[in-house]
Structures are given as structure tokens and as C-alpha cells.
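Since the structure comes first, as C-alpha cells, the remarks are kept for the end.
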Amino acid sequence: MVGSVPVGGGAPVSVQSMTTTLTSDVNSTLQQIAELTASGCQIVRVAVPSQDDVEALPAIARKSPIPVIADIHFQPKYVFAAIDAGCAAVRVNPGNIRQFDDKVKEIAAAASAAGVPIRIGVNAGSLDKRLLEKYGKPTAEALVESALWECSLFEEHGFRDIKISVKHNDPVVMIKAYRQLAQQCDYPLHLGVTEAGPAFQGTVKSSVAFGALLAEGIGDTIRVSLSAPPVEEIKVGTAILEALGLKERGLEIVSCPSCGRAQVDVYTLAEQVTAALEGFPAPLRVAVMGCVVNGPGEAREADLGVASGNGKGQIFVKGEVIKTVPESLIVETLVEEAMKIAADLGIDVLGDGEPVAPVVTVH
């Protein structure tokens with residue numbers, strides 16, 4: 001367990017991120033955690049590089065709506081402080097904590113007494129020098145050896161409440177490392193492509209790596225590392241799990257890529273529908289199609305859809321054509337029908353905490 005979020009042991013794959021605020025700024029950090037939580041983040045990590053950050057941990061851990069993991073580098077004394085502060089877990093990077101192995105017994109005792117899990121987080125960019133010398137570079141084998149060596153030190157003291165990550169910026173190396181780990185241990189695995197890059201590149205790298213591993217049943221919690229606001233990491237991570245069927249889908253837009261057959265500006269129409277239904281509080285698949293080849297079929301298979309052409313749009317609800325509207329009214333009509341679908345389910349569309357009374361519609 002990490003706080004109230006189970007990790008491993010058959011639990012659903014969870015999505016996490018890391019705050020970008022100064023942890024010592026308690027209010028700003030809690031505000032960002034609130035934003036992440038609202039976006040679907042289930043676990044959050046905070047950096048603890050200074051004593052001021054350590055002193056902020058008790059308040060953050062106590063007030064955060066989701067479990068807080070303290071991210072510790074260089075200073076083993078901060079590990080003990082994070083445990084005492086009530087953090088749900090502690091991430092340690094053995095490669096850059098000097099004489100870390102000498103502190104394992106004490107860390108294991110403190111974590112065990114408090115019931116706090118330890119994540120052994122090995123990174124390609126901060127691999128132990130001994131392993132760099134042995135392998136020449138951060139290979140998959142080097143990452144795995146580092147992680148399992150540290151696990152063995154904890155195991156010597158009877159501590160096994162461990163999670164592991166072996167992150168690399170190359171998805172191919174990262175995939176290889178996690179596959180080896182999955183064969184060699186039963187610990188829960190935290191997936192991540194470290195330093196994945198700006199939003200587009202990082203999304204592609206993470207999607208490729210996570211998709212390959214999660215499809216094989218490897219991975220228990222994920223963090224998409226983007227050079228972008230952390231809320232974007234949650235959006236991408238959630239979308240990856242939804243695409244793999246590992247998380248209930250929210251709003252899904254099925255839209256064609258457009259071609260010479262299209263009789264409507266599919267790009268603009270899909271963007272307008274997506275924007276109009278952002279945050280929709282019910283699972284909903286909406287098809288936005290631009291011609292008569294695949295349009296009617298895709299629209300019919302979706303919960304809600306439109307097949308467009310000749311300045312008009314056929315509106316489909318649950319496989320049936322309910323009306324044809326001018327192109328200028330397509331977005332408005334789709335939103336209206338989406339609201340009816342939510343109301344039929346008794347779902348709070350307005351966000352006021354009150355379920356909407358079911359609406360009886362005759363099609």
C-alpha cells in the first residue's frame with residue numbers, strides 16, 4: 001500500500017506525478033497537489049533537496065488529498081525525516097546517496113516500524129559509479145543489477161515492502177530493463193521513461209514503452225515524465241491506461257484523419273467537440289466523421305456521433321440516426337445529446353453535486 005492507494009498485488013495500475021513547486025512553499029505545493037488530484041493523479045511525489053523542504057513535509061503529508069512520496073537524493077538523514085513526517089512512501093536513489101549501503105539497516109528499521117514502503121529508484125543519469133565502470137554505460141543489465149543489489153541489502157534485514165523503478169531515457173533500454181526485472185523479482189514496478197523530453201516527444205516515448213510493458217502485464221504504477229506542467233503528465237498517463245483498457249474510459253473522441261473525400265473541416269470540428277465536452281462527467285465515445293465511407297459505421301458504433309457531408313451532419317445516438325442538422329449546428333447538437341445521455345444515467349452534468357433527474361427522450 002501507498003497511503004490509501006494499493007500498488008501491486010493485482011491492484012489497478014495507478015497514475016502519479018511530481019510537483020514542480022519548491023516543497024518548502026507549503027501553500028503552493030498543496031495547491032499544485034490539488035490541481036493534480038482534480039486531474040486524476042492518485043499518488044504525488046515531492047522533491048526534498050533541503051532542510052527547509054524537510055520541515056515542510058509534515059504539513060504537506062497531513063493536508064494532501066492523495067498519498068505523498070518524499071523524493072530523497074544525496075542525504076540519507078532526510079529519509080528518516082520523511083518517515084517521521086508521515087509520508088506515505090519514500091523514494092531513494094542509491095546511485096547518488098553516499099555510503100547508502102551503510103544506512104540500509106537503519107532505514108529498514110525505521111520504515112518497517114512506521115509501515116512506510118521504500119521505492120528504490122535507479123536512474124540511468126545517476127547510476128552507481130561501480131556499475132558504470134563494470135558495464136561502461138547505463139545498460140539495462142546495469143540498472144537491474146543496481147536495483148536488485150539494493151533490494152538484497154534490505155532483504156538481509158527482513159524488509160520487503162519495496163517498489164522498484166529502473167528509468168532510462170531510451171524506451172528500448174527501459175523496456176528491456178523492466179522485462180528483466182519482472183523475470184527476476186516479484187516487487188511492484190514503477191514505470192517511467194526518465195527525461196522523456198517535451199510534451200510531444202515525451203508522450204510518444206512513454207506511450208511506446210508503457211504500452212509494450214503494460215500489455216505484457218508488467219508495471220503497477222506509472223509516471224509520465226514531461227518537460228511540461230505536471231497536469232499534462234496525468235492526462236497522458238490516464239489516456240495510456242484508457243487506451244489499453246486498464247482504466248475506465250472517460251471522454252473518447254473517435255475522429256477521422258481527413259482525406260480528399262472529406263466534405264467538412266474534420267480537424268476544426270473534432271477540436272470544437274473536444275473543447276465543448278472537456279471534463280464531461282460520464283464515459284462517452286463520440287465519433288466525429290467527415291465522409292460517407294467510414295462515417296456512418298463509426299458514428300453508429302459510438303455512444304454519440306456525427307457523419308458529416310454536403311453542409312449537413314447526421315446525428316447518431318446509440319446507433320440510431322435521430323436527426324440531420326446544418327453543419328453550423330453540429331457541435332451544439334452533439335453537446336445537447338451528450339447532456340441527455342448523462343442525464344439518462346443520473347450523472348451530475350452541472351457539477352453542483354446533485355444528480356440530474358433522468359430525462360425521457362423519444363427518438
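Letters A, B, ... go to the chains of the C-alpha cells in the order shown; residues in each chain start at 1; ligands are counted from 1 in the same order.
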
Could you give me, as a tab-separated table, a per-residue list for segment 239-265 of chain A showing, wherever an atom lies at most 9 Å from an atom of segment 278-282 of chain A, the closest pair of atoms and their distance in Å to one decimal, using only C-alpha atoms and sorting by chain then residue number from low to high?
residue	atom	partner	partner_atom	distance
A:Arg249	CA	A:Ala282	CA	8.8
A:Gly250	CA	A:Ala282	CA	6.2
A:Leu251	CA	A:Phe280	CA	6.5

Where does DSSP see strand (DSSP E) in segment 1-235 of chain A, if you list the residues as number ranges by chain?
-> A: 14-18, 43-47, 68-72, 89-92, 118-123, 162-167, 190-191, 221-223

So, counting only C-alpha atoms, which residue among A:Ile222, A:Cys151, A:Ala209, A:Val204 is closest to Arg119 of chain A?
->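 Residue with the minimum atom-to-atom distance to Arg119 of chain A: A:Cys151.
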
Any chance you could list, as a PyMOL selection string, the residues in segment 155-241 of chain A that come up helix (DSSP H, G or I) when DSSP is run on the backbone?
-> chain A and resi 155+171-184+199-215+230-241

Please, could you write that set of residues out with C-alpha atoms as a compact mmCIF listing (two decimals), in the first residue's frame?
# COMPACT_ATOMS: atom_id res chain seq x y z
CA GLU A 155 16.05 -8.23 2.43
CA PRO A 171 12.43 3.41 -24.35
CA VAL A 172 14.18 0.36 -25.84
CA VAL A 173 16.65 0.13 -22.94
CA MET A 174 13.91 0.89 -20.44
CA ILE A 175 11.64 -1.85 -21.80
CA LYS A 176 14.48 -4.37 -21.69
CA ALA A 177 15.31 -3.45 -18.09
CA TYR A 178 11.75 -3.84 -16.82
CA ARG A 179 11.32 -7.15 -18.63
CA GLN A 180 14.44 -8.44 -16.88
CA LEU A 181 13.20 -7.14 -13.53
CA ALA A 182 9.82 -8.79 -13.98
CA GLN A 183 11.57 -12.13 -14.56
CA GLN A 184 13.88 -11.78 -11.57
CA ALA A 199 5.29 17.13 -24.38
CA PHE A 200 5.07 15.59 -27.86
CA GLN A 201 8.31 13.60 -27.76
CA GLY A 202 7.79 12.54 -24.16
CA THR A 203 4.25 11.40 -24.87
CA VAL A 204 5.43 9.24 -27.77
CA LYS A 205 8.30 7.70 -25.80
CA SER A 206 6.16 6.99 -22.74
CA SER A 207 3.28 5.60 -24.79
CA VAL A 208 5.56 3.20 -26.65
CA ALA A 209 7.33 1.99 -23.51
CA PHE A 210 4.30 1.77 -21.24
CA GLY A 211 2.15 0.21 -23.94
CA ALA A 212 4.67 -2.56 -24.58
CA LEU A 213 5.15 -3.38 -20.90
CA LEU A 214 1.61 -2.96 -19.61
CA ALA A 215 0.27 -5.10 -22.45
CA PRO A 230 2.61 18.10 -14.29
CA VAL A 231 -1.13 18.09 -15.02
CA GLU A 232 -0.19 17.20 -18.61
CA GLU A 233 1.63 14.13 -17.29
CA ILE A 234 -1.58 12.94 -15.66
CA LYS A 235 -3.59 13.49 -18.83
CA VAL A 236 -1.15 11.42 -20.88
CA GLY A 237 -0.82 8.69 -18.27
CA THR A 238 -4.57 8.39 -17.90
CA ALA A 239 -5.04 8.29 -21.67
CA ILE A 240 -2.46 5.49 -21.96
CA LEU A 241 -4.27 3.37 -19.37

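For the atom pair formed by atom CA of Thr274 of chain A and atom CA of Pro198 of chain A, the distance is 22.6 Å, given to one decimal.
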
Can you work out which one of A:Ala276, A:Ile218, A:Val321, A:Cys259 has the shortest atom-to-atom distance to Leu191 of chain A, counting only C-alpha atoms?
-> A:Ile218

For Glu150 of chain A, which of A:Asp128, A:Glu216, A:Glu252, A:Asp53 is the closest residue, counting only C-alpha atoms?
->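 So, comparing all the options, the nearest one is A:Asp128.
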